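Peer 1: Next up, protein31.csv (CSV, C-alpha atoms).
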chain,number,residue,atom,x,y,z
Q,7,MET,CA,179.0,24.5,30.6
Q,8,ILE,CA,177.0,27.5,29.3
Q,9,CYS,CA,173.2,26.9,28.8
Q,10,PRO,CA,172.6,25.6,25.3
Q,11,LEU,CA,169.7,28.0,24.9
Q,12,ALA,CA,171.9,31.0,25.7
Q,13,GLU,CA,172.8,33.6,23.1
Q,14,VAL,CA,176.2,34.5,24.5
Q,15,GLU,CA,178.4,37.4,23.4
Q,16,GLU,CA,181.8,38.0,24.8
Q,17,VAL,CA,182.0,40.9,27.2
Q,18,PHE,CA,185.5,40.6,28.4
Q,19,LYS,CA,188.1,37.9,28.2
Q,20,GLU,CA,191.5,37.3,29.8
Q,21,SER,CA,193.8,34.3,29.8
Q,22,PHE,CA,192.4,33.2,33.2
Q,23,GLY,CA,188.7,33.9,32.8
Q,24,ALA,CA,186.0,35.6,30.8
Q,25,VAL,CA,182.5,37.1,31.1
Q,26,TYR,CA,179.8,36.6,28.5
Q,27,GLN,CA,176.4,38.1,28.2
Q,28,CYS,CA,173.3,36.2,27.4
Q,29,SER,CA,170.8,38.6,25.8
Q,30,ARG,CA,168.1,35.9,25.7
Q,31,LYS,CA,168.0,35.3,29.4
Q,32,ASN,CA,169.4,38.7,30.4
Q,33,CYS,CA,172.2,37.3,32.5
Q,34,TYR,CA,176.0,37.2,32.6
Q,35,TRP,CA,178.1,34.0,32.5
Q,36,LEU,CA,181.4,34.0,34.3
Q,37,GLU,CA,184.0,31.5,33.1
Q,38,PHE,CA,186.7,31.1,35.7
Q,39,LYS,CA,188.9,28.2,36.8
Q,40,ASP,CA,187.2,25.7,34.4
Q,41,THR,CA,183.7,26.5,35.7
Q,42,THR,CA,180.9,28.6,34.3
Q,43,THR,CA,178.4,30.4,36.5
Q,44,ALA,CA,175.3,32.4,35.5
Q,45,PHE,CA,174.5,35.6,37.3
Q,46,LYS,CA,171.4,37.8,37.1
Q,47,ILE,CA,172.4,41.5,36.4
Q,48,SER,CA,172.2,42.7,40.0
Q,49,ASP,CA,173.8,39.5,41.4
Q,50,PHE,CA,176.7,39.9,39.1
Q,51,PHE,CA,177.5,43.4,40.4
Q,52,LEU,CA,176.9,42.2,44.0
Q,53,PHE,CA,179.4,39.3,43.4
Q,54,LYS,CA,181.9,41.9,42.1
Q,55,LYS,CA,181.5,43.9,45.3
Q,56,THR,CA,182.0,40.8,47.4
Q,57,ILE,CA,185.2,39.9,45.6
Q,58,ASP,CA,186.5,43.5,45.8
Q,59,ALA,CA,185.8,43.5,49.5
Q,60,ILE,CA,188.1,40.5,50.2
Q,61,ASP,CA,191.0,41.6,52.4
Q,62,ILE,CA,194.0,40.2,50.5
Q,63,GLU,CA,196.5,41.7,52.8
Q,64,LYS,CA,194.9,39.9,55.7
Q,65,MET,CA,194.9,36.6,53.7
Q,66,LEU,CA,198.7,37.0,53.1
Q,67,SER,CA,199.7,38.1,56.6
Q,68,ASP,CA,197.5,35.6,58.5
Q,69,THR,CA,199.6,32.5,59.2
Q,70,SER,CA,196.6,30.2,60.0
Q,71,ARG,CA,195.9,27.5,57.4
Q,72,THR,CA,192.3,28.6,56.9
Q,73,ALA,CA,193.5,32.1,55.8
Q,74,ASP,CA,195.1,30.8,52.6
Q,75,PHE,CA,191.8,30.5,50.8
Q,76,GLU,CA,188.6,32.5,50.7
Q,77,LEU,CA,185.2,30.7,50.3
Q,78,VAL,CA,182.6,32.6,48.3
Q,79,MET,CA,179.2,31.1,47.8
Q,80,PRO,CA,177.1,33.6,45.8
Q,81,HIS,CA,173.3,33.3,46.4
Q,82,ARG,CA,171.2,31.9,43.6
Q,83,THR,CA,174.1,29.9,42.1
Q,84,ASP,CA,175.1,26.4,42.8
Q,85,ARG,CA,178.8,27.4,42.9
Q,86,CYS,CA,181.3,27.5,45.7
Q,87,PHE,CA,184.4,29.5,44.8
Q,88,ILE,CA,187.5,28.5,46.7
Q,89,LEU,CA,189.9,31.3,46.0
Q,90,SER,CA,193.6,31.8,46.8
Q,91,ALA,CA,195.0,35.3,46.9
Q,92,GLN,CA,196.2,35.0,43.3
Q,93,ASP,CA,192.7,33.7,42.3
Q,94,VAL,CA,191.1,36.8,43.9
Q,95,LEU,CA,193.4,39.1,42.0
Q,96,ASN,CA,192.7,37.3,38.7
Q,97,LEU,CA,189.0,37.3,39.4
Q,98,ARG,CA,189.0,41.0,40.2
Q,99,GLU,CA,190.7,41.7,36.9
Q,100,VAL,CA,188.1,39.7,35.0
Q,101,LEU,CA,185.2,41.3,36.8
Q,102,ALA,CA,186.6,44.9,36.6
Q,103,GLY,CA,187.3,44.4,32.8
Q,104,ALA,CA,183.7,43.1,32.4
Q,105,LYS,CA,182.2,45.9,34.4
Q,106,PHE,CA,184.1,48.5,32.3
Q,107,MET,CA,182.9,46.9,29.0
Q,108,ILE,CA,179.3,46.6,30.3
Q,109,GLU,CA,179.3,50.4,31.2
Q,110,LEU,CA,181.0,51.3,27.9
Q,111,ASN,CA,178.4,49.3,26.0
Q,112,SER,CA,175.6,51.1,28.0
Q,113,GLU,CA,177.1,54.5,27.2
Q,114,VAL,CA,177.6,53.7,23.5
Q,115,LYS,CA,174.0,52.4,23.3
Q,116,ARG,CA,172.7,55.6,25.0
Q,117,ILE,CA,174.5,57.8,22.5
Q,118,LEU,CA,173.3,55.7,19.6
Q,119,ARG,CA,169.7,55.8,20.9
Q,120,LYS,CA,169.9,59.6,21.2
Q,121,GLU,CA,171.4,60.0,17.8
Q,122,ALA,CA,168.7,57.7,16.2
Q,123,VAL,CA,165.9,59.7,17.8
Q,124,LEU,CA,167.3,63.1,16.9
Q,125,ALA,CA,168.1,62.0,13.3
Q,126,SER,CA,164.4,61.2,12.8
Q,127,PHE,CA,163.4,64.8,13.3
N,6,MET,CA,175.1,43.7,22.5
N,7,LYS,CA,171.9,44.4,24.5
N,8,ASP,CA,172.2,47.1,27.2
N,9,LEU,CA,171.3,44.9,30.3
N,10,LEU,CA,172.6,47.5,32.7
N,11,LYS,CA,170.0,50.1,31.8
N,12,LEU,CA,167.3,47.5,31.9
N,13,LYS,CA,168.1,46.8,35.5
N,14,THR,CA,168.8,50.3,37.0
N,15,SER,CA,168.4,54.0,36.2
N,16,LEU,CA,170.9,54.9,38.9
N,17,ALA,CA,174.6,55.3,38.3
N,18,GLU,CA,176.7,53.2,40.7
N,19,ASP,CA,178.3,56.2,42.5
N,20,ILE,CA,174.9,57.8,43.0
N,21,GLU,CA,173.5,54.6,44.4
N,22,ASN,CA,176.5,54.3,46.7
N,23,ILE,CA,176.3,57.8,48.0
N,24,LEU,CA,172.5,57.4,48.6
N,25,ASN,CA,173.1,54.2,50.5
N,26,ALA,CA,175.7,56.0,52.6
N,27,GLN,CA,173.1,58.6,53.4
N,28,VAL,CA,170.7,55.8,54.4
N,29,LYS,CA,173.3,54.8,57.0
N,30,ILE,CA,173.7,58.3,58.2
N,31,GLU,CA,170.0,58.7,58.7
N,32,ALA,CA,169.8,55.4,60.5
N,33,HIS,CA,172.7,56.5,62.7
N,34,ALA,CA,171.0,59.8,63.5
N,35,SER,CA,167.7,58.0,64.3
N,36,ALA,CA,169.5,55.7,66.8
N,37,LEU,CA,171.5,58.7,68.2
N,38,TYR,CA,168.3,60.7,68.9
N,39,LEU,CA,166.7,57.7,70.5
N,40,ALA,CA,169.7,57.4,72.8
N,41,MET,CA,169.4,61.1,73.6
N,42,SER,CA,165.7,60.5,74.3
N,43,SER,CA,166.5,57.8,76.8
N,44,TRP,CA,169.1,60.0,78.5
N,45,CYS,CA,166.8,62.9,78.8
N,46,ASP,CA,164.1,60.7,80.2
N,47,ASP,CA,166.5,59.4,82.8
N,48,GLN,CA,167.3,63.0,83.8
N,49,GLY,CA,163.7,63.8,84.3
N,50,LEU,CA,163.5,66.0,81.2
N,51,ASP,CA,160.2,64.7,79.8
N,52,ASN,CA,159.6,67.2,77.0
N,53,SER,CA,163.2,66.8,75.8
N,54,ALA,CA,162.8,63.0,75.8
N,55,ASP,CA,159.6,63.3,73.7
N,56,PHE,CA,161.3,65.8,71.4
N,57,PHE,CA,164.2,63.4,70.7
N,58,ALA,CA,161.9,60.4,70.3
N,59,LYS,CA,160.0,62.4,67.7
N,60,GLN,CA,163.3,63.3,66.0
N,61,ALA,CA,164.3,59.7,66.0
N,62,ASN,CA,161.1,58.8,64.2
N,63,GLU,CA,161.6,61.6,61.6
N,64,GLU,CA,165.1,60.4,60.9
N,65,ARG,CA,163.9,56.9,60.3
N,66,GLU,CA,161.2,58.2,57.9
N,67,HIS,CA,164.0,60.1,56.0
N,68,MET,CA,166.0,56.9,55.9
N,69,LEU,CA,163.0,55.0,54.4
N,70,LYS,CA,162.4,57.7,51.9
N,71,LEU,CA,165.9,57.3,50.6
N,72,PHE,CA,165.7,53.6,50.9
N,73,ASN,CA,162.6,53.3,48.8
N,74,TYR,CA,163.9,55.8,46.2
N,75,ILE,CA,167.0,53.6,45.6
N,76,ASN,CA,164.8,50.5,45.1
N,77,ASN,CA,162.3,52.4,43.0
N,78,ARG,CA,165.0,53.5,40.6
N,79,GLY,CA,166.2,49.9,40.1
N,80,GLY,CA,169.1,50.1,42.6
N,81,ARG,CA,169.6,48.0,45.7
N,82,ALA,CA,169.1,49.7,49.0
N,83,ILE,CA,171.2,48.3,51.8
N,84,SER,CA,169.7,48.0,55.3
N,85,PRO,CA,172.5,49.6,57.3
N,86,GLU,CA,174.4,48.4,60.3
N,87,VAL,CA,174.3,51.0,63.1
N,88,THR,CA,177.1,50.9,65.6
N,89,ASN,CA,178.8,53.2,68.2
N,90,ILE,CA,175.7,54.8,69.6
N,91,PRO,CA,176.5,56.5,72.9
N,92,THR,CA,174.5,55.7,76.0
N,93,ASP,CA,175.6,58.6,78.1
N,94,PHE,CA,175.9,62.3,77.5
N,95,ASP,CA,177.9,65.0,79.1
N,96,SER,CA,175.2,67.6,79.8
N,97,PHE,CA,171.7,68.9,78.9
N,98,ARG,CA,173.2,71.7,76.8
N,99,GLY,CA,175.7,69.3,75.3
N,100,VAL,CA,173.0,67.1,73.9
N,101,PHE,CA,171.5,70.0,72.0
N,102,GLU,CA,174.9,71.2,70.8
N,103,GLN,CA,175.5,67.7,69.4
N,104,THR,CA,172.1,67.8,67.8
N,105,LEU,CA,172.9,71.0,65.9
N,106,LEU,CA,176.3,69.7,64.8
N,107,GLN,CA,174.6,66.4,63.6
N,108,GLU,CA,172.0,68.4,61.6
N,109,MET,CA,174.8,70.6,60.0
N,110,PHE,CA,176.7,67.4,59.1
N,111,VAL,CA,173.5,66.0,57.4
N,112,THR,CA,173.0,69.2,55.5
N,113,GLU,CA,176.6,69.0,54.3
N,114,GLN,CA,176.1,65.4,53.1
N,115,PHE,CA,173.0,66.4,51.2
N,116,ASN,CA,174.9,69.3,49.6
N,117,ASN,CA,177.5,66.7,48.5
N,118,ILE,CA,174.8,64.5,47.1
N,119,ALA,CA,173.3,67.4,45.1
N,120,ASP,CA,176.7,68.3,43.9
N,121,LYS,CA,177.4,64.7,42.7
N,122,CYS,CA,174.0,64.6,41.0
N,123,MET,CA,174.8,67.8,39.1
N,124,LYS,CA,178.1,66.5,38.0
N,125,ALA,CA,176.6,63.2,36.9
N,126,LYS,CA,173.7,65.1,35.3
N,127,ASP,CA,171.3,63.0,37.3
N,128,TYR,CA,168.6,65.7,37.7
N,129,VAL,CA,166.0,63.2,38.8
N,130,THR,CA,167.9,62.4,41.9
N,131,PHE,CA,168.9,66.1,42.2
N,132,ASN,CA,165.2,67.0,42.3
N,133,PHE,CA,164.6,64.2,44.8
N,134,VAL,CA,167.1,65.6,47.3
N,135,GLN,CA,165.7,69.1,47.2
N,136,TRP,CA,163.0,68.0,49.7
N,137,PHE,CA,165.8,67.0,52.1
N,138,LEU,CA,167.7,70.2,51.6
N,139,ALA,CA,164.5,72.2,52.4
N,140,GLU,CA,163.9,70.0,55.4
N,141,GLN,CA,167.4,70.7,56.8
N,142,VAL,CA,166.6,74.5,57.0
N,143,GLU,CA,163.9,73.6,59.6
N,144,GLU,CA,166.1,71.0,61.4
N,145,GLU,CA,169.0,73.4,61.9
N,146,TYR,CA,166.7,76.3,62.9
N,147,VAL,CA,164.9,74.3,65.6
N,148,ALA,CA,168.2,72.9,67.0
N,149,ARG,CA,169.8,76.4,67.1
N,150,ARG,CA,166.7,78.1,68.6
N,151,ILE,CA,166.5,75.5,71.4
N,152,LEU,CA,170.2,75.9,72.1
N,153,GLU,CA,169.7,79.7,72.4
N,154,LEU,CA,167.1,79.0,75.2
N,155,PHE,CA,170.1,77.9,77.3
N,156,ASP,CA,171.5,81.5,77.1
N,157,VAL,CA,168.1,83.2,77.3
N,158,ILE,CA,166.8,81.3,80.3
N,159,GLY,CA,170.0,80.0,81.9
N,160,GLU,CA,170.4,76.7,83.6
N,161,GLU,CA,170.6,77.9,87.2
N,162,GLY,CA,167.8,77.2,89.7
N,163,THR,CA,164.7,76.0,87.8
N,164,GLY,CA,166.3,77.0,84.5
N,165,ARG,CA,166.6,73.4,83.2
N,166,TRP,CA,163.0,72.8,84.0
N,167,GLU,CA,162.0,76.0,82.2
N,168,ILE,CA,164.1,75.1,79.1
N,169,ASP,CA,162.5,71.7,79.0
N,170,LYS,CA,159.1,73.3,79.3
N,171,HIS,CA,159.7,75.8,76.6
N,172,LEU,CA,161.6,73.9,74.0
N,173,VAL,CA,158.4,72.2,72.7
N,174,LYS,CA,157.2,75.6,71.6
N,175,VAL,CA,160.0,76.1,69.2
N,176,THR,CA,158.6,75.8,65.7
N,177,PHE,CA,159.7,76.8,62.3
N,178,SER,CA,157.1,79.0,60.5
N,179,GLY,CA,158.7,78.7,57.1
N,180,GLN,CA,160.8,81.2,55.1
N,181,GLU,CA,158.1,83.6,54.0
Could the structure of this file be written out as structure tokens, please?
Peer 2:
Amino acid sequence: MICPLAEVEEVFKESFGAVYQCSRKNCYWLEFKDTTTAFKISDFFLFKKTIDAIDIEKMLSDTSRTADFELVMPHRTDRCFILSAQDVLNLREVLAGAKFMIELNSEVKRILRKEAVLASF
Amino acid sequence: MKDLLKLKTSLAEDIENILNAQVKIEAHASALYLAMSSWCDDQGLDNSADFFAKQANEEREHMLKLFNYINNRGGRAISPEVTNIPTDFDSFRGVFEQTLLQEMFVTEQFNNIADKCMKAKDYVTFNFVQWFLAEQVEEEYVARRILELFDVIGEEGTGRWEIDKHLVKVTFSGQE
């Protein structure tokens, strides 16, 4: 459940997950597999790097039972993600989409700020 | 939607990544020079051992300069893992040849960083790496001059002792 004090705005949404931004607490909320997890800005990008670094090929080719799932426990969250190869792919898609939208928003804001300042001359 | 990204960091992701890669290169160079120092010491080449120990410290200082810059700009500097450091070297001359090649490699990396900064219009980081580029002129000069001592003095007889004695006198007096 997302914090009731949060002022969330949708960053990116897919059928299997979404990312929201809370501009009150300056954090991102990840909605994935019926759970929600809050990340500070840098933690969010670190989490994305962790997910991107998972070796899916190894998961699929390794025949041991433990290789079917990847455990990810991000610091400063109380969450433990148990991810199958399909989950990793889905999560990557959500995080990549969110990252793109975050960067797009940043770029749009930069241009608007610049225009606003120049227009005042 | 509030721009949280800019509130956190002034560094673009690819610039942060390339700077972190350079942190690792500097850490590797520092460990490599320390290994060379140990080898020289083992061979009875006291001045060369001191020279490389000093070089190792310098490389670590360069690493920390980059490391602190990343953090100061809101990025996250990564303490690097350093592996594959040799413990043995082929020859006295070979150690200095490797040093020159290492320094030329570092120069190339800083050129790449400067190029990326230009393309990303990150002139703050571009300005920051100018110090390293200037430093590389000295690093390459010293390594090349010492290597030339092997031809000037020769390794025969007491040549190795002479080279070890004279290499501490190699200094860079600037570009004026």
Peer 1: In Å, rounded to a single decimal, give me how far CA of Glu113 in chain N is from CA of Asp156 in chain N.
Peer 2: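 Answer for the CA of Asp156 in chain N to CA of Glu113 in chain N separation: 26.5 Å.
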Peer 1: List every residue of chain N that has an atom at most 7 Å from any atom of chain Q, and for each one report the closest atom pair and its distance in Å to one decimal, counting all atoms listed in the file, with rows sorted by chain and then by increasing residue number, as CSV.
Peer 2:
residue,atom,partner,partner_atom,distance
N:Lys7,CA,Q:Ser29,CA,6.0
N:Asp8,CA,Q:Ser112,CA,5.3
N:Leu9,CA,Q:Asn32,CA,6.5
N:Leu10,CA,Q:Ser112,CA,6.6
N:Lys11,CA,Q:Ser112,CA,6.8
N:Lys13,CA,Q:Ile47,CA,6.9
Peer 1: Just to be explicit: take each residue in the selection above, keep C-alpha atoms, and write the result as a PDB file, in the frame of the given file.
Peer 2:
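File written: result10.pdb
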ATOM      1  CA  LYS N   7     171.900  44.400  24.500  1.00  0.00           C
ATOM      2  CA  ASP N   8     172.200  47.100  27.200  1.00  0.00           C
ATOM      3  CA  LEU N   9     171.300  44.900  30.300  1.00  0.00           C
ATOM      4  CA  LEU N  10     172.600  47.500  32.700  1.00  0.00           C
ATOM      5  CA  LYS N  11     170.000  50.100  31.800  1.00  0.00           C
ATOM      6  CA  LYS N  13     168.100  46.800  35.500  1.00  0.00           C
TER       7      LYS N  13
END
Peer 1: Would you kindly return, as a PyMOL selection string, each protein, DNA or RNA residue with an atom no farther than 12 Å from any atom of Thr42 in chain Q, considering all atoms listed in the file and excluding same-chain residues fewer than 4 positions away?
Peer 2: chain Q and resi 7-9+23-26+34-38+83-87
Peer 1: Those same residues - C-alpha atoms - I'd like them written as a PDB file, in the coordinates of the input.
Peer 2:
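And here is the file that came out, part_30.pdb:
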ATOM      1  CA  MET Q   7     179.000  24.500  30.600  1.00  0.00           C
ATOM      2  CA  ILE Q   8     177.000  27.500  29.300  1.00  0.00           C
ATOM      3  CA  CYS Q   9     173.200  26.900  28.800  1.00  0.00           C
ATOM      4  CA  GLY Q  23     188.700  33.900  32.800  1.00  0.00           C
ATOM      5  CA  ALA Q  24     186.000  35.600  30.800  1.00  0.00           C
ATOM      6  CA  VAL Q  25     182.500  37.100  31.100  1.00  0.00           C
ATOM      7  CA  TYR Q  26     179.800  36.600  28.500  1.00  0.00           C
ATOM      8  CA  TYR Q  34     176.000  37.200  32.600  1.00  0.00           C
ATOM      9  CA  TRP Q  35     178.100  34.000  32.500  1.00  0.00           C
ATOM     10  CA  LEU Q  36     181.400  34.000  34.300  1.00  0.00           C
ATOM     11  CA  GLU Q  37     184.000  31.500  33.100  1.00  0.00           C
ATOM     12  CA  PHE Q  38     186.700  31.100  35.700  1.00  0.00           C
ATOM     13  CA  THR Q  83     174.100  29.900  42.100  1.00  0.00           C
ATOM     14  CA  ASP Q  84     175.100  26.400  42.800  1.00  0.00           C
ATOM     15  CA  ARG Q  85     178.800  27.400  42.900  1.00  0.00           C
ATOM     16  CA  CYS Q  86     181.300  27.500  45.700  1.00  0.00           C
ATOM     17  CA  PHE Q  87     184.400  29.500  44.800  1.00  0.00           C
TER      18      PHE Q  87
END
Peer 1: So how many Å separate CA of Cys45 in chain N and CA of Val157 in chain N, to one decimal?
Peer 2: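 Separation between CA of Cys45 in chain N and CA of Val157 in chain N: 20.4 Å.
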Peer 1: At what distance in Å, to one decimal, does CA of Lys124 in chain N lie from CA of Ala26 in chain N?
Peer 2: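 Answer for the CA of Ala26 in chain N to CA of Lys124 in chain N separation: 18.1 Å.
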Peer 1: Which residues are close to Lys64 in chain Q, i.e. within 10 Å by all atoms listed in the file, leaving aside same-chain residues fewer than 6 positions away? Reply as a count of residues only.
Peer 2: 3
Peer 1: Measuring atom to atom with all atoms listed in the file, identify which of N:Asp55, N:Asp127, N:Glu86, N:Asp47 is nearest to Leu16 in chain N.
Peer 2: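 Of N:Asp55, N:Asp127, N:Glu86, N:Asp47, the one nearest Leu16 in chain N, counting all atoms listed in the file, is N:Asp127.
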Peer 1: List as an mmCIF file with C-alpha atoms, in the coordinates of the input the protein and nucleic acid residues near Gln92 in chain Q, meaning an atom at most 12 Å away when all atoms listed in the file are counted, but skip any in the same chain fewer than 3 places from it.
Peer 2:
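Generated output (part.cif):
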data_model
loop_
_atom_site.group_PDB
_atom_site.id
_atom_site.type_symbol
_atom_site.label_atom_id
_atom_site.label_comp_id
_atom_site.auth_asym_id
_atom_site.auth_seq_id
_atom_site.Cartn_x
_atom_site.Cartn_y
_atom_site.Cartn_z
ATOM 1 C CA PHE Q 22 192.400 33.200 33.200
ATOM 2 C CA LYS Q 39 188.900 28.200 36.800
ATOM 3 C CA ILE Q 60 188.100 40.500 50.200
ATOM 4 C CA ILE Q 62 194.000 40.200 50.500
ATOM 5 C CA GLU Q 63 196.500 41.700 52.800
ATOM 6 C CA MET Q 65 194.900 36.600 53.700
ATOM 7 C CA LEU Q 66 198.700 37.000 53.100
ATOM 8 C CA ASP Q 74 195.100 30.800 52.600
ATOM 9 C CA PHE Q 75 191.800 30.500 50.800
ATOM 10 C CA GLU Q 76 188.600 32.500 50.700
ATOM 11 C CA ILE Q 88 187.500 28.500 46.700
ATOM 12 C CA LEU Q 89 189.900 31.300 46.000
ATOM 13 C CA LEU Q 95 193.400 39.100 42.000
ATOM 14 C CA ASN Q 96 192.700 37.300 38.700
ATOM 15 C CA LEU Q 97 189.000 37.300 39.400
ATOM 16 C CA ARG Q 98 189.000 41.000 40.200
ATOM 17 C CA GLU Q 99 190.700 41.700 36.900
#
Peer 1: Kindly assemble as a tab-separated table a list of the range 52-114 of chain N residues that lie within 9 Å of range 28-42 of chain N, each paired with its nearest atom pair and their distance in Å to one decimal, using all atoms listed in the file, sorted first by chain and then by ascending residue number.
Peer 2:
residue	atom	partner	partner_atom	distance
N:Ser53	CA	N:Ser42	CA	6.9
N:Ala54	CA	N:Ser42	CA	4.1
N:Asp55	CA	N:Ser42	CA	6.7
N:Phe56	CA	N:Ser42	CA	7.5
N:Phe57	CA	N:Ser42	CA	4.9
N:Ala58	CA	N:Leu39	CA	5.5
N:Lys59	CA	N:Tyr38	CA	8.6
N:Gln60	CA	N:Tyr38	CA	6.3
N:Ala61	CA	N:Ser35	CA	4.2
N:Asn62	CA	N:Ser35	CA	6.6
N:Glu63	CA	N:Ser35	CA	7.6
N:Glu64	CA	N:Ser35	CA	4.9
N:Arg65	CA	N:Ser35	CA	5.6
N:Glu66	CA	N:Glu31	CA	8.9
N:His67	CA	N:Glu31	CA	6.7
N:Met68	CA	N:Val28	CA	5.1
N:Leu69	CA	N:Val28	CA	7.7
N:Lys70	CA	N:Val28	CA	8.9
N:Leu71	CA	N:Val28	CA	6.3
N:Phe72	CA	N:Val28	CA	6.5
N:Ala82	CA	N:Val28	CA	8.3
N:Ile83	CA	N:Val28	CA	8.0
N:Ser84	CA	N:Lys29	CA	7.9
N:Pro85	CA	N:Lys29	CA	5.3
N:Glu86	CA	N:Lys29	CA	7.3
N:Val87	CA	N:His33	CA	5.7
N:Thr88	CA	N:His33	CA	7.7
N:Asn89	CA	N:His33	CA	8.9
N:Ile90	CA	N:Leu37	CA	5.9
N:Pro91	CA	N:Ala40	CA	6.9
N:Thr92	CA	N:Ala40	CA	6.0
N:Asp93	CA	N:Ala40	CA	8.0
N:Phe94	CA	N:Met41	CA	7.7
N:Val100	CA	N:Met41	CA	7.0
N:Thr104	CA	N:Tyr38	CA	8.1
N:Gln107	CA	N:Ala34	CA	7.5
N:Glu108	CA	N:Ala34	CA	8.9
N:Val111	CA	N:Ile30	CA	7.7
Peer 1: Taking only C-alpha atoms into account, which of N:Arg150, N:Arg78, N:Lys121, N:Lys126 comes nearest Ile168 in chain N?
Peer 2: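 Among the listed residues, the smallest separation from Ile168 in chain N belongs to N:Arg150.
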Peer 1: Since the input is missing atoms for range 39-44 of chain Q, could you rebuild it with all heavy atoms and give the result as a compact mmCIF listing (two decimals), keeping the file's coordinate frame?
Peer 2:
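And here's selection_29.txt as it stands now:
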# COMPACT_ATOMS: atom_id res chain seq x y z
N LYS Q 39 188.34 29.41 36.27
CA LYS Q 39 188.90 28.20 36.80
C LYS Q 39 188.08 26.93 36.34
O LYS Q 39 187.61 26.13 37.15
CB LYS Q 39 188.91 28.20 38.35
CG LYS Q 39 189.99 29.15 38.89
CD LYS Q 39 190.02 29.14 40.41
CE LYS Q 39 190.83 27.99 40.93
NZ LYS Q 39 190.92 27.99 42.40
N ASP Q 40 187.90 26.83 35.04
CA ASP Q 40 187.20 25.70 34.40
C ASP Q 40 185.77 25.49 34.86
O ASP Q 40 185.23 24.39 34.82
CB ASP Q 40 187.98 24.38 34.68
CG ASP Q 40 189.41 24.45 34.15
OD1 ASP Q 40 189.59 25.03 33.06
OD2 ASP Q 40 190.32 23.96 34.84
N THR Q 41 185.15 26.58 35.34
CA THR Q 41 183.70 26.50 35.70
C THR Q 41 182.99 27.65 35.02
O THR Q 41 183.60 28.69 34.73
CB THR Q 41 183.46 26.57 37.19
OG1 THR Q 41 183.91 27.85 37.65
CG2 THR Q 41 184.17 25.47 37.96
N THR Q 42 181.71 27.48 34.81
CA THR Q 42 180.90 28.60 34.30
C THR Q 42 179.74 28.82 35.30
O THR Q 42 179.15 27.86 35.78
CB THR Q 42 180.32 28.37 32.91
OG1 THR Q 42 179.73 27.07 32.90
CG2 THR Q 42 181.38 28.47 31.84
N THR Q 43 179.46 30.09 35.56
CA THR Q 43 178.40 30.40 36.50
C THR Q 43 177.55 31.54 35.94
O THR Q 43 178.08 32.53 35.43
CB THR Q 43 179.02 30.94 37.85
OG1 THR Q 43 180.09 30.06 38.22
CG2 THR Q 43 178.00 30.99 38.96
N ALA Q 44 176.23 31.36 36.03
CA ALA Q 44 175.30 32.40 35.50
C ALA Q 44 174.91 33.32 36.65
O ALA Q 44 174.64 32.88 37.77
CB ALA Q 44 174.08 31.72 34.93
